[in-house]
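Asker: What follows is a single structure, and I will ask about it in a moment.
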Amino acid sequence: MNVKLYRQILYKINFSFTKTAIGFGVIVLIASCNTVKRVKDGQYLLTENRIEVDGKVNNKERVNNIPLQKPNSGIGSFPLKLHIYNLARPNIDSLFEVWLDKGNRRNRLTNTLSEKQLIKLKKSALGFNSWLKRSGEAPTLFDESKAEKTKNRLRAYYYKRGWLYNEVNYSVERDSNKHAKVKYTVTKNKASILDTLKTTIKTPSIDSIYKLNVNASILKEGQQYDEDNFTNERVRLNKLMRNSGFYFFGQDYVRFEIDTFKSKSTFNTDLFIDNRSIREGDSTRVEPFKMFKIKQVNIITDASNENLIDGKKVKDSITYNGINLYSFGDLKFKPKALTDAIFIKKGDIYRDRDRTQTSQYLNQLQMFRYPGVDYVPNEADSTLTANIFLSPLKKYKLQFAFDVSQSNIQTFGFAFSTGLKIRNIFRGAETLDFSLLGSIGASKDAGVRRDAFFDINEFGGSVALTIPRFFLPFNTDKIIPKYMSPSTRINVTATSQQNIGLDRQTLSSIFSYNWFPSDKVTNNFELFNIQYVRNLNPENYFGVYGNSFNRLNEIARNIGYIGTDETLQTPAPNPSFAPANTFISDVLNNSTSLTPDNQEYIDVNNINQRQDRLTENNLILSTNFDYTRDTRTDLSDNNFSRFKTHFEIAGNIASGISSLAGFDKNANGRYELFNVPFSQYFKTELDYIKYFDLPGKKNLLAFRSYFGVAIPYGNSDNIPFVESFFAGGPNDNRAWTAFSLGPGRSKNTNEFNEANLKLHFSLEQRFNLFGDFDGALFIDAGNIWNAFGNVEDDPESTFTNLKSLRDIAVGSGFGLRYDFNFFVLRGDIGFKTYDPSLETGNRWFTNYNFGNATYNIGINYPF
């Protein structure tokens, strides 16, 4: 067996499965430039559908999707998938045999390869050919019969929209290159208007309810005919009646008769709602609809298939708030926990929405497997018995996760996490979640000698309790009814790092309330959000923020403070950055040649301020409110808006208590709790996203605007680092990497640039290239600034007035996305279009090239 020869043969006959992007592109462009190579004589390749409505070309996607035949898809006017398909050979099986029989090739291959390898060689050829056909797209051959059907479909479309007497024709332009272009011409003529709407409703009680709600009718006199309006009115009436006690009502009882014969410009409509039809054996009788009431509400708390099929006897039962609870074993839930989830009440009329809200509430508890609500009608007294079947999920759920990672601070690392969920922990449908996380890794830090290979680690854990109601000493049902699904969440989290940055320890606790006023609005109120951040190794600041350390060394050498080959660090075996801090102290105490007017003095002062901010321990006691309104109906909806707002106030209660109690202030004039100065500030964020659906497949325009500001006051002179804003990155301004942009027009080289005011805008057009590959063109604009006395900074970093808006950075670029259905893999290339850090005359397009571009990889869309 000659493996080398076998591989050479595969390469020689071009049946290799390498399929690299460059090679494949060359093949498509060179070998398959003839789009009609698979079009027989007498056939024509459809290259264009053109729809003209009243003399104007129509570009609406909905209308352009009506033709039954569409030109082959591709990039713009280039039918890429057709070219791929044309690469496939229609008779590859026989061609392979011909190639094999050429000369003495079959004998040579038979002597060199085994029979099994020769068969595999042929399968490779056939397989690649099949792949080309599957990946490509067969030519769309013009079909006269389908054009005729399209004509009728267009006529029906405009008829349904109110142009009842529209006219549609089509013409075909065929050329000598076997190409065909089809033009459909639509003349809408005058639209038909609803003149009179009459009703004939057999059941008096239904007629009364209709008249009470007639103002909500979708059909209005003087309105243009639209078939969707009749469909929606039928849906409205069905919903109205089924929420008014009429259990047996359905859309089939609502019908319309439309009279269009009297005039071409107007029409009359009769609405009919018939009586209830009841089938009894082979006969049917008709009677007026009756209004049904709820006679009983029963909850079977452990309605598993095993309990129901085996016919077990009920062991435990209780009646609470007029609802009967039954259990085949011991009742594991407090009655109130279940009855609070039930919107169906004894004595109420039947309402469909009560069933829907009950199902939604029970599902949100995450306690049961597919809760069911069934009604048993009693015709004798027009009542219903509601039976609610609950099958509890397992009380305990254990989860594990493991990951291998690499980052800018470690060459290799492991991360693991585990979680335990306990349902119904206090028998009130509460959920208790425990989670532990940990990671170990090998550090890239060569400046500090460490004996262990895995020299960095992070460990943490959290406990979270979710209560399916507001945990308050008073009732809030009148303010926030239970249909808003109110809940309480209490969370405590702790983490600890070693040899990561400044070796930070954090402890946080959140007490929050959540509720949903509608299916579009979400509210979250954090009554208490407490965060404590402790830096165990602040002496390593210049080991983490190397750019600041390098700048100090540069200044110290320039003024002769140290030699040209020296650094502000003591050498091994006990390295220390104490000389750097001594140098800062000497500069700020005017013990060097630098004066406050020197730029180098200002740089040292800025580095000192930043060091103080990032190394101090933080205690944040805040109250937050988040409001979200999202009009998106589902994942396919590309015409929606989303508005989010966040308000946060920190330190007011602590400041008030400290002042009233007469607590002493520290040397910096700040109150302390547990020997840590607490932060005091106001913070708000506004985030608005709007999607516009455009003509074409997966073609849309997305816009985002964002504003955020955090203002320190009282006990704080600046904002904690964890509450600051940054700019740049794959979900922000994509022409800059994360944390590299700003503040303002400054030329900072800090590893993490942050500030307390932010503006951001993005405009992105997304479109389909072919198959699951999508493209995007985008423009991002924004920046961060220091404001409201956040830090003593140079004017280039500070937002002073509207003229500071000149410092808004602009990036633009393009992206390629692949849609996996459950997530999108995204690659974006951002170019610095307007760089405020450059001199005024050189800000536009100076670094607009691939060498200075930023390459972003992300999961899902940036907004």
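Going through the structure tokens in order, the chains are called A, B, and so on, while each chain numbers its residues from 1 and the ligands are numbered from 1 in the order shown.
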Just want the 12 Å neighbourhood of Lys37 in chain A, counted on only C-alpha atoms, with same-chain residues fewer than 4 positions away dropped. Output as a list in words.

Answerer: Ala31, Ser32, Cys33, Asp41, Gln43, Tyr44, Leu45, Leu82, His83, Tyr85, Asn86, Leu87, Ala88, Arg89, Pro90, Ala138, Pro139, Asn177, Lys178 and His179 of chain A

Asker: Would you put the residues from that selection into a file with N, CA and C atoms, as an mmCIF file, in the first residue's frame?

Answerer:
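Here's the written file part.cif:
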```
data_model
loop_
_atom_site.group_PDB
_atom_site.id
_atom_site.type_symbol
_atom_site.label_atom_id
_atom_site.label_comp_id
_atom_site.auth_asym_id
_atom_site.auth_seq_id
_atom_site.Cartn_x
_atom_site.Cartn_y
_atom_site.Cartn_z
ATOM 1 N N ALA A 31 -13.781 28.736 -12.750
ATOM 2 C CA ALA A 31 -14.302 27.540 -13.404
ATOM 3 C C ALA A 31 -15.807 27.573 -13.592
ATOM 4 N N SER A 32 -16.492 28.511 -12.933
ATOM 5 C CA SER A 32 -17.950 28.459 -12.991
ATOM 6 C C SER A 32 -18.551 29.799 -13.338
ATOM 7 N N CYS A 33 -17.904 30.559 -14.203
ATOM 8 C CA CYS A 33 -18.392 31.899 -14.516
ATOM 9 C C CYS A 33 -19.625 31.868 -15.401
ATOM 10 N N ASP A 41 -31.226 23.973 -23.900
ATOM 11 C CA ASP A 41 -31.829 24.792 -24.957
ATOM 12 C C ASP A 41 -33.345 24.814 -24.797
ATOM 13 N N GLN A 43 -34.784 26.443 -22.466
ATOM 14 C CA GLN A 43 -35.030 26.840 -21.076
ATOM 15 C C GLN A 43 -34.371 28.196 -20.825
ATOM 16 N N TYR A 44 -34.873 28.890 -19.783
ATOM 17 C CA TYR A 44 -34.352 30.208 -19.463
ATOM 18 C C TYR A 44 -34.123 30.331 -17.959
ATOM 19 N N LEU A 45 -32.970 30.893 -17.606
ATOM 20 C CA LEU A 45 -32.635 31.134 -16.200
ATOM 21 C C LEU A 45 -33.312 32.417 -15.737
ATOM 22 N N LEU A 82 -25.508 29.396 -7.027
ATOM 23 C CA LEU A 82 -25.662 28.789 -8.348
ATOM 24 C C LEU A 82 -24.299 28.383 -8.910
ATOM 25 N N HIS A 83 -23.286 29.252 -8.716
ATOM 26 C CA HIS A 83 -21.944 28.927 -9.185
ATOM 27 C C HIS A 83 -21.400 27.691 -8.467
ATOM 28 N N TYR A 85 -23.190 25.260 -7.242
ATOM 29 C CA TYR A 85 -23.925 24.112 -7.792
ATOM 30 C C TYR A 85 -23.366 23.711 -9.166
ATOM 31 N N ASN A 86 -23.015 24.701 -9.997
ATOM 32 C CA ASN A 86 -22.518 24.416 -11.342
ATOM 33 C C ASN A 86 -21.166 23.718 -11.335
ATOM 34 N N LEU A 87 -20.447 23.817 -10.210
ATOM 35 C CA LEU A 87 -19.177 23.098 -10.114
ATOM 36 C C LEU A 87 -19.377 21.585 -10.102
ATOM 37 N N ALA A 88 -20.537 21.141 -9.632
ATOM 38 C CA ALA A 88 -20.812 19.702 -9.571
ATOM 39 C C ALA A 88 -21.007 19.149 -10.983
ATOM 40 N N ARG A 89 -20.525 17.931 -11.208
ATOM 41 C CA ARG A 89 -20.681 17.274 -12.499
ATOM 42 C C ARG A 89 -21.936 16.419 -12.477
ATOM 43 N N PRO A 90 -22.807 16.554 -13.463
ATOM 44 C CA PRO A 90 -24.078 15.801 -13.444
ATOM 45 C C PRO A 90 -23.890 14.304 -13.592
ATOM 46 N N ALA A 138 -29.641 24.830 -7.316
ATOM 47 C CA ALA A 138 -29.931 24.529 -8.722
ATOM 48 C C ALA A 138 -30.473 25.772 -9.416
ATOM 49 N N PRO A 139 -30.224 25.912 -10.737
ATOM 50 C CA PRO A 139 -30.714 27.101 -11.450
ATOM 51 C C PRO A 139 -32.237 27.187 -11.414
ATOM 52 N N ASN A 177 -28.971 34.860 -24.241
ATOM 53 C CA ASN A 177 -28.082 34.226 -23.269
ATOM 54 C C ASN A 177 -28.830 33.285 -22.323
ATOM 55 N N LYS A 178 -30.063 32.948 -22.704
ATOM 56 C CA LYS A 178 -30.912 32.058 -21.904
ATOM 57 C C LYS A 178 -31.298 32.673 -20.555
ATOM 58 N N HIS A 179 -31.388 33.986 -20.523
ATOM 59 C CA HIS A 179 -31.829 34.693 -19.327
ATOM 60 C C HIS A 179 -33.266 35.166 -19.516
#
```

Asker: Run DSSP on the backbone of this structure and report the residues of range 496-685 of chain A it assigns to helix (DSSP H, G or I), as a PDB file with C-alpha atoms, in the first residue's frame.

Answerer:
```
ATOM      1  CA  PRO A 538      -2.194  46.964  47.056  1.00  0.00           C
ATOM      2  CA  GLU A 539       1.635  46.965  47.060  1.00  0.00           C
ATOM      3  CA  ASN A 540       1.473  45.116  43.717  1.00  0.00           C
ATOM      4  CA  TYR A 541      -0.324  47.999  42.000  1.00  0.00           C
ATOM      5  CA  PHE A 542       2.561  48.810  39.642  1.00  0.00           C
ATOM      6  CA  GLY A 543       2.975  45.110  38.912  1.00  0.00           C
ATOM      7  CA  VAL A 544      -0.565  45.090  37.549  1.00  0.00           C
ATOM      8  CA  GLY A 546       2.631  48.374  34.074  1.00  0.00           C
ATOM      9  CA  ASN A 547       1.976  51.367  31.814  1.00  0.00           C
ATOM     10  CA  SER A 548       1.792  53.695  34.831  1.00  0.00           C
ATOM     11  CA  PHE A 549       4.997  52.172  36.227  1.00  0.00           C
ATOM     12  CA  ASN A 550       6.793  52.622  32.902  1.00  0.00           C
ATOM     13  CA  ARG A 551       5.720  56.270  32.748  1.00  0.00           C
ATOM     14  CA  LEU A 552       7.093  56.881  36.274  1.00  0.00           C
ATOM     15  CA  ASN A 553      10.420  55.321  35.268  1.00  0.00           C
ATOM     16  CA  GLU A 554      10.547  57.513  32.169  1.00  0.00           C
ATOM     17  CA  ILE A 555       9.958  60.691  34.196  1.00  0.00           C
ATOM     18  CA  ALA A 556      12.433  59.655  36.907  1.00  0.00           C
ATOM     19  CA  ARG A 557      15.156  59.062  34.305  1.00  0.00           C
ATOM     20  CA  ASN A 558      14.405  62.336  32.502  1.00  0.00           C
ATOM     21  CA  ALA A 578       8.394  50.967  47.267  1.00  0.00           C
ATOM     22  CA  PRO A 579      10.845  53.167  45.308  1.00  0.00           C
ATOM     23  CA  ALA A 580       8.027  54.093  42.924  1.00  0.00           C
ATOM     24  CA  ASN A 581       5.835  55.292  45.795  1.00  0.00           C
ATOM     25  CA  THR A 582       8.801  57.177  47.275  1.00  0.00           C
ATOM     26  CA  PHE A 583       9.339  58.914  43.938  1.00  0.00           C
ATOM     27  CA  ILE A 584       5.659  59.955  43.792  1.00  0.00           C
ATOM     28  CA  SER A 585       5.873  61.348  47.314  1.00  0.00           C
ATOM     29  CA  ASP A 586       9.055  63.307  46.493  1.00  0.00           C
ATOM     30  CA  VAL A 587       7.499  64.816  43.371  1.00  0.00           C
ATOM     31  CA  LEU A 588       4.265  65.880  45.074  1.00  0.00           C
ATOM     32  CA  GLN A 599       3.365  68.201  32.400  1.00  0.00           C
ATOM     33  CA  GLU A 600       5.465  65.472  34.011  1.00  0.00           C
ATOM     34  CA  TYR A 601       4.391  66.681  37.481  1.00  0.00           C
ATOM     35  CA  ILE A 602       0.752  66.535  36.332  1.00  0.00           C
ATOM     36  CA  ASP A 603       1.288  62.987  35.040  1.00  0.00           C
ATOM     37  CA  VAL A 604       2.740  61.870  38.362  1.00  0.00           C
ATOM     38  CA  ASN A 605      -0.177  63.458  40.207  1.00  0.00           C
ATOM     39  CA  ASN A 606      -2.669  61.677  37.914  1.00  0.00           C
ATOM     40  CA  ILE A 607      -0.923  58.354  38.485  1.00  0.00           C
ATOM     41  CA  ASN A 608      -1.064  58.939  42.238  1.00  0.00           C
ATOM     42  CA  GLN A 609      -4.782  59.732  42.151  1.00  0.00           C
ATOM     43  CA  ARG A 610      -5.477  56.662  40.067  1.00  0.00           C
ATOM     44  CA  GLN A 611      -3.424  54.479  42.403  1.00  0.00           C
ATOM     45  CA  ASP A 612      -5.336  55.772  45.422  1.00  0.00           C
ATOM     46  CA  ARG A 613      -8.679  55.095  43.742  1.00  0.00           C
ATOM     47  CA  LEU A 614      -7.880  51.593  42.523  1.00  0.00           C
ATOM     48  CA  THR A 615      -6.161  50.353  45.678  1.00  0.00           C
ATOM     49  CA  ASN A 652     -27.391  58.336  51.766  1.00  0.00           C
ATOM     50  CA  ILE A 653     -28.644  56.223  54.675  1.00  0.00           C
ATOM     51  CA  ALA A 654     -25.122  55.582  55.986  1.00  0.00           C
ATOM     52  CA  SER A 655     -24.269  59.264  55.676  1.00  0.00           C
ATOM     53  CA  GLY A 656     -27.441  60.308  57.492  1.00  0.00           C
ATOM     54  CA  ILE A 657     -26.852  57.871  60.351  1.00  0.00           C
ATOM     55  CA  SER A 658     -23.193  58.903  60.648  1.00  0.00           C
ATOM     56  CA  SER A 659     -24.134  62.563  60.787  1.00  0.00           C
ATOM     57  CA  LEU A 660     -26.976  62.137  63.283  1.00  0.00           C
ATOM     58  CA  ALA A 661     -24.876  59.852  65.485  1.00  0.00           C
TER      59      ALA A 661
END
```

Asker: Go ahead and compute the interatomic distance for CA of Gly136 in chain A and CA of Lys183 in chain A, in Å to one decimal.

Answerer: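 Computed distance, CA of Gly136 in chain A to CA of Lys183 in chain A, equals 26.4 Å.
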
Asker: Mind giving me the straight-line distance from CA of Trp99 in chain A to CA of Glu137 in chain A in Å, one decimal?

Answerer: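 That distance, rounded to one decimal, is 26.7 Å.
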
Asker: May I have the residues within 10 Å of Val53 in chain A as a list in words, using only C-alpha atoms and disregarding those fewer than 2 positions away in the same chain?

Answerer: Arg50, Ile51, Gly55, Lys56, Val57, Asn58, Val168, Tyr184, Thr185, Val186, Thr187 and Lys188 of chain A

Asker: Store the residues of this selection in a file with N, CA, C and O atoms, as a tab-separated table (two decimals), in the first residue's frame.

Answerer:
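Final file, again-v4.tsv:
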```
chain	number	residue	atom	x	y	z
A	50	ARG	N	-39.57	41.70	-11.25
A	50	ARG	CA	-39.81	43.13	-11.06
A	50	ARG	C	-41.30	43.35	-10.90
A	50	ARG	O	-42.09	42.93	-11.75
A	51	ILE	N	-41.69	43.96	-9.78
A	51	ILE	CA	-43.10	44.21	-9.50
A	51	ILE	C	-43.33	45.72	-9.49
A	51	ILE	O	-42.74	46.44	-8.67
A	55	GLY	N	-47.26	51.99	-11.52
A	55	GLY	CA	-46.17	52.65	-12.21
A	55	GLY	C	-44.89	52.80	-11.41
A	55	GLY	O	-43.89	53.28	-11.94
A	56	LYS	N	-44.88	52.36	-10.13
A	56	LYS	CA	-43.69	52.49	-9.29
A	56	LYS	C	-43.19	51.11	-8.88
A	56	LYS	O	-43.98	50.22	-8.59
A	57	VAL	N	-41.87	50.96	-8.88
A	57	VAL	CA	-41.27	49.68	-8.48
A	57	VAL	C	-41.51	49.45	-6.99
A	57	VAL	O	-41.25	50.33	-6.16
A	58	ASN	N	-42.01	48.27	-6.66
A	58	ASN	CA	-42.29	47.94	-5.27
A	58	ASN	C	-41.05	47.28	-4.64
A	58	ASN	O	-40.46	46.37	-5.20
A	168	VAL	N	-53.88	42.73	-12.58
A	168	VAL	CA	-52.48	42.29	-12.59
A	168	VAL	C	-52.17	41.63	-13.92
A	168	VAL	O	-52.94	40.79	-14.41
A	184	TYR	N	-44.08	42.12	-13.37
A	184	TYR	CA	-45.48	42.07	-12.99
A	184	TYR	C	-45.98	43.49	-12.82
A	184	TYR	O	-45.37	44.31	-12.12
A	185	THR	N	-47.10	43.78	-13.45
A	185	THR	CA	-47.68	45.12	-13.41
A	185	THR	C	-49.00	45.07	-12.66
A	185	THR	O	-49.93	44.36	-13.06
A	186	VAL	N	-49.08	45.84	-11.57
A	186	VAL	CA	-50.28	45.88	-10.74
A	186	VAL	C	-50.93	47.25	-10.84
A	186	VAL	O	-50.27	48.27	-10.63
A	187	THR	N	-52.20	47.26	-11.19
A	187	THR	CA	-52.99	48.50	-11.17
A	187	THR	C	-54.04	48.34	-10.08
A	187	THR	O	-54.96	47.52	-10.20
A	188	LYS	N	-53.90	49.09	-8.99
A	188	LYS	CA	-54.75	48.87	-7.82
A	188	LYS	C	-56.18	49.36	-8.05
A	188	LYS	O	-57.13	48.78	-7.51
```

Asker: Might you pull out every residue within 8 Å of Ala494 in chain A, with only C-alpha atoms counted and same-chain residues fewer than 2 positions away left off, and present them as a list in words?

Answerer: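 The residues that qualify are Gly460, Gly461, Ser462, Val492, Ser496, Gln505, Thr506, Leu507 and Ser508 of chain A.
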
Asker: Pick out the residues sitting within 7 Å of Lys290 in chain A, and hand them over as a ChimeraX atom specification; count only C-alpha atoms, and ignore anything fewer than 2 positions along from it in its own chain.

Answerer: /A:246,288,292,382

Asker: I need the chosen residues saved as a CSV table (one decimal), in the first residue's frame, with C-alpha atoms.

Answerer:
```csv
chain,number,residue,atom,x,y,z
A,246,PHE,CA,-69.4,31.9,27.7
A,288,PRO,CA,-78.8,30.4,23.1
A,292,PHE,CA,-71.0,29.6,33.1
A,382,SER,CA,-74.3,26.0,33.9
```
